[in-house]
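Text of the file my_file_29.tsv, holding TSV, C-alpha atoms:
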```tsv
chain	number	residue	atom	x	y	z
A	1	MET	CA	-36.17	-0.78	-85.37
A	2	GLU	CA	-33.00	-1.55	-83.41
A	3	ALA	CA	-34.91	-1.34	-80.12
A	4	ASN	CA	-37.59	-3.68	-81.49
A	5	THR	CA	-34.91	-6.18	-82.48
A	6	ARG	CA	-33.60	-6.19	-78.92
A	7	TRP	CA	-37.11	-6.78	-77.52
A	8	VAL	CA	-37.63	-9.63	-80.01
A	9	ALA	CA	-34.33	-11.25	-78.97
A	10	LEU	CA	-35.20	-10.92	-75.28
A	11	THR	CA	-38.72	-12.28	-75.75
A	12	ALA	CA	-37.38	-15.26	-77.73
A	13	VAL	CA	-35.72	-16.55	-74.55
A	14	ALA	CA	-39.16	-17.56	-73.24
A	15	PRO	CA	-40.36	-19.96	-75.98
A	16	VAL	CA	-36.91	-21.54	-76.21
A	17	ALA	CA	-36.99	-22.17	-72.44
A	18	TRP	CA	-40.53	-23.52	-72.70
A	19	GLY	CA	-39.43	-25.84	-75.49
A	20	THR	CA	-36.83	-27.36	-73.15
A	21	ASN	CA	-39.50	-27.72	-70.46
A	22	TYR	CA	-41.37	-30.38	-72.48
A	23	PHE	CA	-38.27	-32.55	-72.72
A	24	VAL	CA	-37.24	-32.14	-69.07
A	25	THR	CA	-40.77	-32.87	-67.82
A	26	HIS	CA	-41.16	-35.91	-70.09
A	27	GLU	CA	-37.79	-37.42	-69.21
A	28	TYR	CA	-37.14	-36.59	-65.55
A	29	LEU	CA	-40.30	-35.62	-63.62
A	30	PRO	CA	-42.94	-37.96	-62.09
A	31	ALA	CA	-45.62	-38.89	-64.60
A	32	ASP	CA	-48.59	-39.46	-62.28
A	33	THR	CA	-48.68	-36.20	-60.27
A	34	PRO	CA	-49.47	-33.31	-62.66
A	35	LEU	CA	-50.99	-31.14	-59.92
A	36	TRP	CA	-47.95	-31.42	-57.67
A	37	GLY	CA	-45.69	-31.02	-60.69
A	38	ALA	CA	-47.42	-27.77	-61.62
A	39	ALA	CA	-47.43	-26.50	-58.01
A	40	LEU	CA	-43.74	-27.25	-57.49
A	41	ARG	CA	-42.98	-25.44	-60.74
A	42	ALA	CA	-45.05	-22.32	-60.01
A	43	LEU	CA	-44.80	-21.51	-56.32
A	44	PRO	CA	-40.99	-21.54	-55.91
A	45	ALA	CA	-40.65	-19.43	-59.07
A	46	GLY	CA	-43.16	-16.90	-57.75
A	47	LEU	CA	-41.44	-16.71	-54.36
A	48	VAL	CA	-38.04	-16.16	-56.00
A	49	LEU	CA	-39.41	-13.25	-58.06
A	50	LEU	CA	-41.21	-11.85	-54.99
A	51	ALA	CA	-37.92	-11.88	-53.08
A	52	LEU	CA	-36.32	-9.92	-55.93
A	53	CYS	CA	-39.01	-7.26	-56.38
A	54	ARG	CA	-40.40	-7.08	-52.79
A	55	ARG	CA	-43.71	-5.58	-53.83
A	56	ARG	CA	-47.25	-6.64	-52.92
A	57	PRO	CA	-50.33	-6.27	-55.15
A	58	ARG	CA	-52.57	-3.29	-54.48
A	59	GLY	CA	-56.20	-2.55	-55.25
A	60	ALA	CA	-57.53	-4.35	-58.31
A	61	TRP	CA	-54.33	-6.35	-58.67
A	62	TRP	CA	-55.35	-8.74	-55.88
A	63	GLY	CA	-58.22	-10.01	-58.03
A	64	ARG	CA	-56.27	-9.72	-61.28
A	65	SER	CA	-53.37	-11.71	-59.85
A	66	ALA	CA	-55.75	-14.49	-58.77
A	67	LEU	CA	-57.44	-14.65	-62.20
A	68	LEU	CA	-54.20	-14.46	-64.19
A	69	GLY	CA	-52.58	-16.97	-61.83
A	70	LEU	CA	-55.49	-19.35	-62.44
A	71	LEU	CA	-55.27	-19.02	-66.25
A	72	ASN	CA	-51.55	-18.55	-66.91
A	73	VAL	CA	-50.29	-20.78	-64.12
A	74	SER	CA	-52.69	-23.19	-62.40
A	75	VAL	CA	-54.70	-24.49	-65.37
A	76	PHE	CA	-51.95	-23.95	-67.95
A	77	PHE	CA	-49.19	-25.70	-66.01
A	78	VAL	CA	-51.35	-28.75	-65.23
A	79	LEU	CA	-52.36	-29.12	-68.88
A	80	VAL	CA	-48.77	-28.68	-70.10
A	81	TYR	CA	-47.51	-31.21	-67.54
A	82	ALA	CA	-50.10	-33.76	-68.67
A	83	ALA	CA	-49.38	-33.12	-72.37
A	84	SER	CA	-45.63	-33.46	-71.77
A	85	GLN	CA	-46.14	-36.89	-70.19
A	86	LEU	CA	-48.66	-38.17	-72.77
A	87	LEU	CA	-46.97	-37.00	-75.97
A	88	PRO	CA	-43.51	-37.05	-77.54
A	89	THR	CA	-41.60	-33.81	-76.94
A	90	SER	CA	-41.86	-32.72	-80.56
A	91	VAL	CA	-45.64	-33.25	-80.78
A	92	ALA	CA	-46.45	-31.68	-77.40
A	93	SER	CA	-44.61	-28.47	-78.24
A	94	THR	CA	-45.89	-28.35	-81.82
A	95	VAL	CA	-49.57	-28.19	-80.86
A	96	MET	CA	-48.81	-25.00	-78.91
A	97	ALA	CA	-47.78	-23.34	-82.17
A	98	LEU	CA	-51.44	-22.54	-82.83
A	99	ALA	CA	-51.02	-19.80	-80.20
A	100	PRO	CA	-50.01	-16.98	-82.61
A	101	LEU	CA	-53.34	-17.09	-84.43
A	102	THR	CA	-55.42	-17.34	-81.25
A	103	MET	CA	-53.47	-14.49	-79.63
A	104	MET	CA	-54.10	-12.27	-82.65
A	105	LEU	CA	-57.82	-13.03	-82.66
A	106	ILE	CA	-58.16	-12.48	-78.89
A	107	ALA	CA	-56.07	-9.29	-78.96
A	108	TRP	CA	-58.36	-7.68	-81.54
A	109	PRO	CA	-61.45	-7.27	-79.29
A	110	LEU	CA	-59.64	-7.10	-75.93
A	111	ILE	CA	-56.86	-4.58	-76.60
A	112	SER	CA	-57.84	-3.22	-80.04
A	113	GLU	CA	-54.76	-4.61	-81.80
A	114	ARG	CA	-55.96	-5.47	-85.28
A	115	PRO	CA	-53.74	-8.12	-86.90
A	116	GLY	CA	-51.92	-6.83	-89.98
A	117	LEU	CA	-51.37	-8.66	-93.24
A	118	ALA	CA	-47.78	-9.52	-92.30
A	119	HIS	CA	-48.86	-11.07	-89.00
A	120	LEU	CA	-51.67	-13.05	-90.65
A	121	ALA	CA	-49.36	-14.24	-93.42
A	122	GLY	CA	-46.74	-15.24	-90.86
A	123	ALA	CA	-49.35	-17.11	-88.82
A	124	ALA	CA	-50.66	-18.93	-91.91
A	125	ILE	CA	-47.18	-19.97	-93.02
A	126	GLY	CA	-46.25	-20.96	-89.47
A	127	LEU	CA	-49.39	-23.05	-89.10
A	128	GLY	CA	-48.60	-24.76	-92.40
A	129	GLY	CA	-45.24	-25.67	-90.94
A	130	VAL	CA	-46.92	-26.94	-87.79
A	131	CYS	CA	-49.15	-29.22	-89.84
A	132	LEU	CA	-46.13	-30.64	-91.64
A	133	MET	CA	-44.41	-31.35	-88.33
A	134	LEU	CA	-47.47	-32.78	-86.59
A	135	LEU	CA	-49.31	-34.68	-89.31
A	136	THR	CA	-46.55	-37.19	-89.94
A	137	GLY	CA	-48.76	-40.25	-89.96
A	138	ALA	CA	-47.22	-41.52	-86.75
A	139	ALA	CA	-49.42	-44.04	-85.00
A	140	GLY	CA	-50.24	-44.13	-81.33
A	141	LEU	CA	-50.52	-40.41	-80.60
A	142	SER	CA	-52.50	-39.81	-77.42
A	143	VAL	CA	-55.80	-38.05	-78.09
A	144	PRO	CA	-56.03	-36.85	-74.43
A	145	GLY	CA	-52.50	-35.52	-74.80
A	146	ILE	CA	-53.39	-33.59	-77.97
A	147	LEU	CA	-56.52	-32.18	-76.27
A	148	ALA	CA	-54.53	-31.18	-73.17
A	149	SER	CA	-51.95	-29.37	-75.28
A	150	ALA	CA	-54.64	-27.58	-77.33
A	151	ALA	CA	-56.50	-26.54	-74.18
A	152	ALA	CA	-53.26	-25.22	-72.69
A	153	MET	CA	-52.70	-23.13	-75.80
A	154	LEU	CA	-56.20	-21.58	-75.65
A	155	VAL	CA	-56.08	-20.85	-71.91
A	156	SER	CA	-52.61	-19.29	-72.04
A	157	SER	CA	-53.41	-17.19	-75.12
A	158	PHE	CA	-56.39	-15.61	-73.35
A	159	GLY	CA	-54.41	-15.14	-70.14
A	160	HIS	CA	-51.45	-13.54	-71.92
A	161	ILE	CA	-53.64	-11.00	-73.70
A	162	LEU	CA	-55.37	-10.14	-70.41
A	163	THR	CA	-51.90	-9.65	-68.91
A	164	LYS	CA	-50.96	-7.28	-71.74
A	165	ARG	CA	-54.18	-5.32	-71.21
A	166	TRP	CA	-53.69	-4.93	-67.46
A	167	ASN	CA	-49.90	-4.58	-67.24
A	168	ALA	CA	-49.64	-0.96	-68.42
A	169	GLY	CA	-47.97	1.09	-65.69
A	170	THR	CA	-47.29	-1.97	-63.52
A	171	ASP	CA	-43.85	-3.40	-62.77
A	172	VAL	CA	-43.53	-6.50	-64.98
A	173	LEU	CA	-41.42	-8.47	-62.52
A	174	ALA	CA	-43.85	-7.80	-59.68
A	175	ALA	CA	-46.93	-8.69	-61.74
A	176	THR	CA	-45.24	-11.92	-62.89
A	177	ALA	CA	-44.36	-12.80	-59.30
A	178	TRP	CA	-47.95	-12.21	-58.16
A	179	GLN	CA	-49.35	-14.46	-60.89
A	180	LEU	CA	-46.93	-17.32	-60.24
A	181	THR	CA	-47.41	-17.14	-56.47
A	182	ALA	CA	-51.21	-16.98	-56.74
A	183	GLY	CA	-51.27	-19.85	-59.23
A	184	GLY	CA	-49.02	-21.99	-57.03
A	185	LEU	CA	-51.13	-21.32	-53.92
A	186	LEU	CA	-54.30	-22.25	-55.81
A	187	LEU	CA	-52.70	-25.53	-56.86
A	188	LEU	CA	-51.56	-26.66	-53.40
A	189	PRO	CA	-54.96	-27.66	-51.90
A	190	ALA	CA	-56.05	-29.30	-55.15
A	191	ALA	CA	-52.83	-31.32	-55.31
A	192	ALA	CA	-53.09	-32.40	-51.66
A	193	ALA	CA	-56.76	-33.40	-52.02
A	194	LEU	CA	-56.48	-35.27	-55.32
A	195	GLU	CA	-52.92	-36.65	-55.34
A	196	GLY	CA	-52.09	-37.02	-51.66
A	197	PRO	CA	-48.70	-36.04	-50.22
A	198	PRO	CA	-45.97	-34.59	-52.48
A	199	PRO	CA	-44.06	-37.20	-54.50
A	200	ALA	CA	-40.64	-38.36	-53.38
A	201	LEU	CA	-38.06	-36.80	-55.70
A	202	SER	CA	-34.70	-38.24	-56.70
A	203	PRO	CA	-31.67	-35.93	-56.96
A	204	GLN	CA	-32.13	-35.99	-60.74
A	205	ALA	CA	-35.76	-34.92	-60.42
A	206	LEU	CA	-34.78	-32.10	-58.02
A	207	LEU	CA	-32.28	-30.79	-60.56
A	208	ALA	CA	-34.96	-31.03	-63.25
A	209	PHE	CA	-37.39	-29.05	-61.09
A	210	GLY	CA	-34.65	-26.47	-60.56
A	211	HIS	CA	-34.40	-25.95	-64.32
A	212	VAL	CA	-38.18	-25.93	-64.78
A	213	THR	CA	-38.70	-23.47	-61.92
A	214	LEU	CA	-35.88	-20.97	-62.47
A	215	ILE	CA	-35.30	-21.06	-66.24
A	216	ALA	CA	-38.53	-22.30	-67.84
A	217	THR	CA	-40.79	-20.40	-65.41
A	218	ALA	CA	-39.32	-17.45	-63.47
A	219	LEU	CA	-37.00	-16.22	-66.23
A	220	ALA	CA	-39.21	-17.24	-69.14
A	221	PHE	CA	-42.40	-15.60	-67.85
A	222	ALA	CA	-40.59	-12.40	-66.86
A	223	VAL	CA	-39.10	-11.87	-70.34
A	224	TRP	CA	-42.33	-13.01	-72.08
A	225	PHE	CA	-44.51	-10.49	-70.26
A	226	THR	CA	-41.85	-7.82	-70.86
A	227	GLY	CA	-42.06	-8.56	-74.57
A	228	LEU	CA	-45.86	-8.36	-74.45
A	229	ARG	CA	-45.57	-4.86	-73.01
A	230	HIS	CA	-43.20	-3.57	-75.70
A	231	LEU	CA	-44.26	-5.51	-78.83
A	232	PRO	CA	-47.56	-6.14	-80.65
A	233	ALA	CA	-49.36	-9.30	-79.54
A	234	GLY	CA	-49.15	-10.71	-83.07
A	235	THR	CA	-45.37	-10.40	-83.09
A	236	VAL	CA	-45.03	-11.98	-79.65
A	237	GLY	CA	-47.30	-14.83	-80.71
A	238	LEU	CA	-45.14	-15.53	-83.74
A	239	ILE	CA	-41.99	-15.48	-81.60
A	240	GLY	CA	-43.72	-18.23	-79.61
A	241	LEU	CA	-43.31	-20.49	-82.63
A	242	LEU	CA	-39.73	-21.00	-81.43
A	243	ASN	CA	-41.30	-23.22	-78.74
A	244	PRO	CA	-42.12	-26.11	-81.10
A	245	VAL	CA	-38.88	-25.57	-83.01
A	246	THR	CA	-36.95	-26.07	-79.76
A	247	GLY	CA	-39.11	-29.02	-78.77
A	248	VAL	CA	-38.65	-30.80	-82.09
A	249	LEU	CA	-34.89	-30.20	-82.19
A	250	LEU	CA	-34.45	-31.38	-78.59
A	251	GLY	CA	-36.64	-34.41	-79.17
A	252	THR	CA	-34.51	-35.28	-82.18
A	253	ALA	CA	-31.05	-34.51	-80.81
A	254	VAL	CA	-31.45	-35.78	-77.24
A	255	ALA	CA	-34.51	-38.03	-76.95
A	256	GLY	CA	-33.80	-39.99	-80.12
A	257	GLU	CA	-37.00	-38.98	-81.92
A	258	THR	CA	-36.85	-39.09	-85.70
A	259	LEU	CA	-36.73	-35.85	-87.70
A	260	THR	CA	-38.21	-36.52	-91.13
A	261	GLY	CA	-37.80	-34.45	-94.28
A	262	ARG	CA	-41.39	-33.28	-93.91
A	263	GLN	CA	-40.72	-32.07	-90.36
A	264	LEU	CA	-37.59	-30.25	-91.52
A	265	CYS	CA	-39.63	-28.42	-94.17
A	266	GLY	CA	-42.16	-27.60	-91.48
A	267	LEU	CA	-39.45	-26.09	-89.29
A	268	LEU	CA	-38.29	-23.87	-92.14
A	269	LEU	CA	-41.86	-22.67	-92.70
A	270	VAL	CA	-42.26	-21.88	-89.00
A	271	LEU	CA	-39.08	-19.79	-89.00
A	272	THR	CA	-40.28	-18.01	-92.14
A	273	GLY	CA	-43.51	-17.12	-90.33
A	274	VAL	CA	-41.55	-15.65	-87.42
A	275	VAL	CA	-39.46	-13.50	-89.78
A	276	LEU	CA	-42.55	-12.24	-91.63
A	277	GLY	CA	-44.16	-11.07	-88.41
A	278	ARG	CA	-41.20	-9.19	-86.95
A	279	PRO	CA	-42.13	-5.65	-85.88
A	280	GLY	CA	-40.35	-3.66	-88.59
A	281	ARG	CA	-41.89	-5.63	-91.44
A	282	ALA	CA	-45.36	-5.75	-89.88
A	283	ASP	CA	-45.36	-2.01	-89.18
A	284	ARG	CA	-44.34	-1.13	-92.73
A	285	ARG	CA	-47.36	-3.07	-93.97
A	286	GLY	CA	-49.71	-1.31	-91.60
A	287	GLY	CA	-50.25	-4.04	-89.02
A	288	GLY	CA	-49.35	-4.72	-85.47
A	289	ARG	CA	-49.46	-1.14	-84.21
A	290	PRO	CA	-50.62	-0.74	-80.63
A	291	ARG	CA	-54.10	0.72	-80.34
A	292	GLY	CA	-56.60	1.43	-77.66
A	293	GLY	CA	-54.22	2.78	-75.06
A	294	VAL	CA	-51.54	0.10	-75.40
A	295	ARG	CA	-48.17	1.64	-74.75
A	296	PRO	CA	-45.88	1.93	-77.79
A	297	SER	CA	-42.49	0.28	-77.71
A	298	THR	CA	-40.62	3.59	-78.07
A	299	PRO	CA	-41.62	6.44	-75.79
A	300	VAL	CA	-42.64	9.65	-77.49
A	301	PRO	CA	-40.68	12.67	-76.19
A	302	PRO	CA	-42.73	15.44	-74.62
A	303	PRO	CA	-43.42	18.47	-76.77
A	304	THR	CA	-40.93	21.30	-76.48
A	305	THR	CA	-42.31	24.37	-74.74
A	306	HIS	CA	-41.34	27.60	-76.44
A	307	ARG	CA	-41.17	30.67	-74.30
A	308	ARG	CA	-41.57	34.14	-75.75
A	309	THR	CA	-38.60	36.36	-75.08
A	310	GLU	CA	-39.52	39.86	-74.10
A	311	ILE	CA	-37.29	42.68	-75.33
A	312	ARG	CA	-37.00	45.56	-72.98
```

In structure tokens, what does this structure look like?
Amino acid sequence: MEANTRWVALTAVAPVAWGTNYFVTHEYLPADTPLWGAALRALPAGLVLLALCRRRPRGAWWGRSALLGLLNVSVFFVLVYAASQLLPTSVASTVMALAPLTMMLIAWPLISERPGLAHLAGAAIGLGGVCLMLLTGAAGLSVPGILASAAAMLVSSFGHILTKRWNAGTDVLAATAWQLTAGGLLLLPAAAALEGPPPALSPQALLAFGHVTLIATALAFAVWFTGLRHLPAGTVGLIGLLNPVTGVLLGTAVAGETLTGRQLCGLLLVLTGVVLGRPGRADRRGGGRPRGGVRPSTPVPPPTTHRRTEIR
């Protein structure tokens, strides 16, 4: 239980960092170059992690890195960049809170993790909170922005479960570096062909890219994929609800967005959903246990070998 709590705390760094990414992208990065924005976020982060781990992919991981880089990085980052520019910070991050339910449903057939009652209850309560935060009656919300955010949620949920399925026995930092580097390299020709040369960046934008690259990408993805290795997918998905919580609070405190009583109630429901789905509670109710070859969070000690003592 204590070990699980530490993994939960470590994994929570990722959605909090991603919640700040919406605000930084919306306020400080160029609005009309999503492909370059995604490439400049992914490739430097991947190269930094590669310099730290100094390991190349082998065998099947060349193809896996390309596929995961396409899903988790190339497509996801472009959609998130577009959503961040088209929507208020609070709304853009809130749509992503549908991820816990989609991750649970995808994890069931792909890695044989059947969602437990605690995880489903947490997802239902969290989604209720999301609806309260999102359906505020505000006019002028961008439909393309909502669609981009929803598509980002679906693509990343599938990519994250594939990562959990393939990561067993592989160094997490190295696998994360391969994905980010592959995704960034895939984005470069598309950005050059469709958006022309890289945008000119002000000192403020360079600092913003530094935060997005090192904190909201390199660090966040490394701890997120570590959490996926040690915790059930349903629990990790519910921890991801801290993403919209961070986005709403930042949008309110820094960007001047209004936090209504309905949104505050929604935030409390989201946090309740996260607490319900924590590993200890979910396991006691029979859900969220790794199945189908997924490595448990606590290693099982090898059996003790008893030797017969011969009396002479």

- Residue neighbourhood segment 49-56 of chain A, 8 Å, only C-alpha atoms, exclusion window fewer than 4 positions, as a PyMOL selection string: chain A and resi 45+173-174+176-178+218

How would the residues just chosen look if you wrote them out with C-alpha atoms as a compact mmCIF listing (two decimals), in the frame of the given file?
```
# COMPACT_ATOMS: atom_id res chain seq x y z
CA ALA A 45 -40.65 -19.43 -59.07
CA LEU A 173 -41.42 -8.47 -62.52
CA ALA A 174 -43.85 -7.80 -59.68
CA THR A 176 -45.24 -11.92 -62.89
CA ALA A 177 -44.36 -12.80 -59.30
CA TRP A 178 -47.95 -12.21 -58.16
CA ALA A 218 -39.32 -17.45 -63.47
```

- Could you give me, as a ChimeraX atom specification, the residues that have an atom at most 8 Å away from the point (-51.3, -16.5, -63.1) in the coordinates of the file, using only C-alpha atoms? /A:65-74,159,176,178-183

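Nearest-residue note for Ala83 of chain A: choosing from A:Ala42, A:Ala121, A:Leu105, A:Ala31, the minimum distance belongs to A:Ala31, counting all atoms listed in the file.
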
Exercise: Asn243 of chain A partners within 12 Å, all atoms listed in the file, chain neighbours under 4 positions left out, as an mmCIF file with C-alpha atoms, keeping the file's coordinate frame:
```cif
data_model
loop_
_atom_site.group_PDB
_atom_site.id
_atom_site.type_symbol
_atom_site.label_atom_id
_atom_site.label_comp_id
_atom_site.auth_asym_id
_atom_site.auth_seq_id
_atom_site.Cartn_x
_atom_site.Cartn_y
_atom_site.Cartn_z
ATOM 1 C CA THR A 11 -38.720 -12.280 -75.750
ATOM 2 C CA ALA A 12 -37.380 -15.260 -77.730
ATOM 3 C CA VAL A 13 -35.720 -16.550 -74.550
ATOM 4 C CA ALA A 14 -39.160 -17.560 -73.240
ATOM 5 C CA PRO A 15 -40.360 -19.960 -75.980
ATOM 6 C CA VAL A 16 -36.910 -21.540 -76.210
ATOM 7 C CA ALA A 17 -36.990 -22.170 -72.440
ATOM 8 C CA TRP A 18 -40.530 -23.520 -72.700
ATOM 9 C CA GLY A 19 -39.430 -25.840 -75.490
ATOM 10 C CA THR A 20 -36.830 -27.360 -73.150
ATOM 11 C CA ASN A 21 -39.500 -27.720 -70.460
ATOM 12 C CA TYR A 22 -41.370 -30.380 -72.480
ATOM 13 C CA PHE A 23 -38.270 -32.550 -72.720
ATOM 14 C CA THR A 89 -41.600 -33.810 -76.940
ATOM 15 C CA SER A 90 -41.860 -32.720 -80.560
ATOM 16 C CA VAL A 91 -45.640 -33.250 -80.780
ATOM 17 C CA ALA A 92 -46.450 -31.680 -77.400
ATOM 18 C CA SER A 93 -44.610 -28.470 -78.240
ATOM 19 C CA THR A 94 -45.890 -28.350 -81.820
ATOM 20 C CA VAL A 95 -49.570 -28.190 -80.860
ATOM 21 C CA MET A 96 -48.810 -25.000 -78.910
ATOM 22 C CA ALA A 97 -47.780 -23.340 -82.170
ATOM 23 C CA LEU A 98 -51.440 -22.540 -82.830
ATOM 24 C CA ALA A 99 -51.020 -19.800 -80.200
ATOM 25 C CA PRO A 100 -50.010 -16.980 -82.610
ATOM 26 C CA VAL A 130 -46.920 -26.940 -87.790
ATOM 27 C CA MET A 153 -52.700 -23.130 -75.800
ATOM 28 C CA ALA A 216 -38.530 -22.300 -67.840
ATOM 29 C CA ALA A 220 -39.210 -17.240 -69.140
ATOM 30 C CA VAL A 236 -45.030 -11.980 -79.650
ATOM 31 C CA GLY A 237 -47.300 -14.830 -80.710
ATOM 32 C CA LEU A 238 -45.140 -15.530 -83.740
ATOM 33 C CA ILE A 239 -41.990 -15.480 -81.600
ATOM 34 C CA GLY A 247 -39.110 -29.020 -78.770
ATOM 35 C CA VAL A 248 -38.650 -30.800 -82.090
ATOM 36 C CA LEU A 249 -34.890 -30.200 -82.190
ATOM 37 C CA LEU A 250 -34.450 -31.380 -78.590
ATOM 38 C CA LEU A 267 -39.450 -26.090 -89.290
ATOM 39 C CA VAL A 270 -42.260 -21.880 -89.000
ATOM 40 C CA LEU A 271 -39.080 -19.790 -89.000
ATOM 41 C CA VAL A 274 -41.550 -15.650 -87.420
#
```

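Taking atom CA of Gly63 of chain A and atom CA of Ala150 of chain A as endpoints, the distance between them is 26.3 Å.
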
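Note that the spacing between atom CA of Gln204 of chain A and atom CA of Ile146 of chain A amounts to 27.5 Å.
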
Export of segment 217-284 of chain A: C-alpha atoms, as a tab-separated table (two decimals), in the first residue's frame:
```tsv
chain	number	residue	atom	x	y	z
A	217	THR	CA	7.11	16.49	-21.96
A	218	ALA	CA	10.41	14.85	-20.94
A	219	LEU	CA	9.69	14.68	-17.20
A	220	ALA	CA	5.94	14.20	-17.51
A	221	PHE	CA	6.07	11.32	-20.01
A	222	ALA	CA	8.86	9.54	-18.11
A	223	VAL	CA	6.91	9.51	-14.81
A	224	TRP	CA	3.60	8.73	-16.58
A	225	PHE	CA	4.95	5.64	-18.33
A	226	THR	CA	6.64	4.60	-15.07
A	227	GLY	CA	3.27	4.80	-13.35
A	228	LEU	CA	1.67	2.75	-16.14
A	229	ARG	CA	4.20	0.00	-15.50
A	230	HIS	CA	3.58	-0.18	-11.74
A	231	LEU	CA	-0.13	0.68	-11.40
A	232	PRO	CA	-3.37	-0.58	-13.00
A	233	ALA	CA	-4.42	1.36	-16.10
A	234	GLY	CA	-7.69	2.36	-14.41
A	235	THR	CA	-5.83	3.96	-11.52
A	236	VAL	CA	-3.44	5.81	-13.82
A	237	GLY	CA	-6.37	7.05	-15.91
A	238	LEU	CA	-8.07	8.45	-12.82
A	239	ILE	CA	-4.85	10.17	-11.73
A	240	GLY	CA	-5.01	11.86	-15.13
A	241	LEU	CA	-8.07	13.74	-13.90
A	242	LEU	CA	-5.61	16.06	-12.15
A	243	ASN	CA	-4.94	17.45	-15.65
A	244	PRO	CA	-8.25	19.32	-15.93
A	245	VAL	CA	-8.11	20.29	-12.26
A	246	THR	CA	-4.75	21.97	-12.90
A	247	GLY	CA	-5.99	23.55	-16.11
A	248	VAL	CA	-9.10	25.00	-14.50
A	249	LEU	CA	-7.22	26.34	-11.47
A	250	LEU	CA	-4.51	27.91	-13.65
A	251	GLY	CA	-7.07	29.38	-16.01
A	252	THR	CA	-8.83	30.91	-13.02
A	253	ALA	CA	-5.84	32.09	-11.00
A	254	VAL	CA	-3.57	33.32	-13.81
A	255	ALA	CA	-5.56	33.77	-17.03
A	256	GLY	CA	-8.49	35.53	-15.38
A	257	GLU	CA	-11.08	32.90	-16.33
A	258	THR	CA	-14.12	32.73	-14.08
A	259	LEU	CA	-14.55	29.80	-11.67
A	260	THR	CA	-18.26	29.33	-11.01
A	261	GLY	CA	-19.89	27.46	-8.15
A	262	ARG	CA	-20.85	24.71	-10.59
A	263	GLN	CA	-17.23	24.31	-11.70
A	264	LEU	CA	-16.07	24.19	-8.08
A	265	CYS	CA	-18.52	21.35	-7.39
A	266	GLY	CA	-17.22	19.64	-10.51
A	267	LEU	CA	-13.65	19.88	-9.24
A	268	LEU	CA	-14.64	18.27	-5.95
A	269	LEU	CA	-16.34	15.42	-7.81
A	270	VAL	CA	-13.24	14.87	-9.96
A	271	LEU	CA	-11.02	14.64	-6.87
A	272	THR	CA	-13.50	12.22	-5.30
A	273	GLY	CA	-13.22	10.02	-8.40
A	274	VAL	CA	-9.42	9.99	-8.11
A	275	VAL	CA	-9.61	8.96	-4.44
A	276	LEU	CA	-12.10	6.17	-5.18
A	277	GLY	CA	-9.82	4.65	-7.80
A	278	ARG	CA	-6.60	4.63	-5.80
A	279	PRO	CA	-4.91	1.21	-5.83
A	280	GLY	CA	-5.58	0.13	-2.24
A	281	ARG	CA	-9.31	0.80	-2.44
A	282	ALA	CA	-9.70	-0.68	-5.93
A	283	ASP	CA	-7.81	-3.84	-4.98
A	284	ARG	CA	-9.90	-4.42	-1.87
```
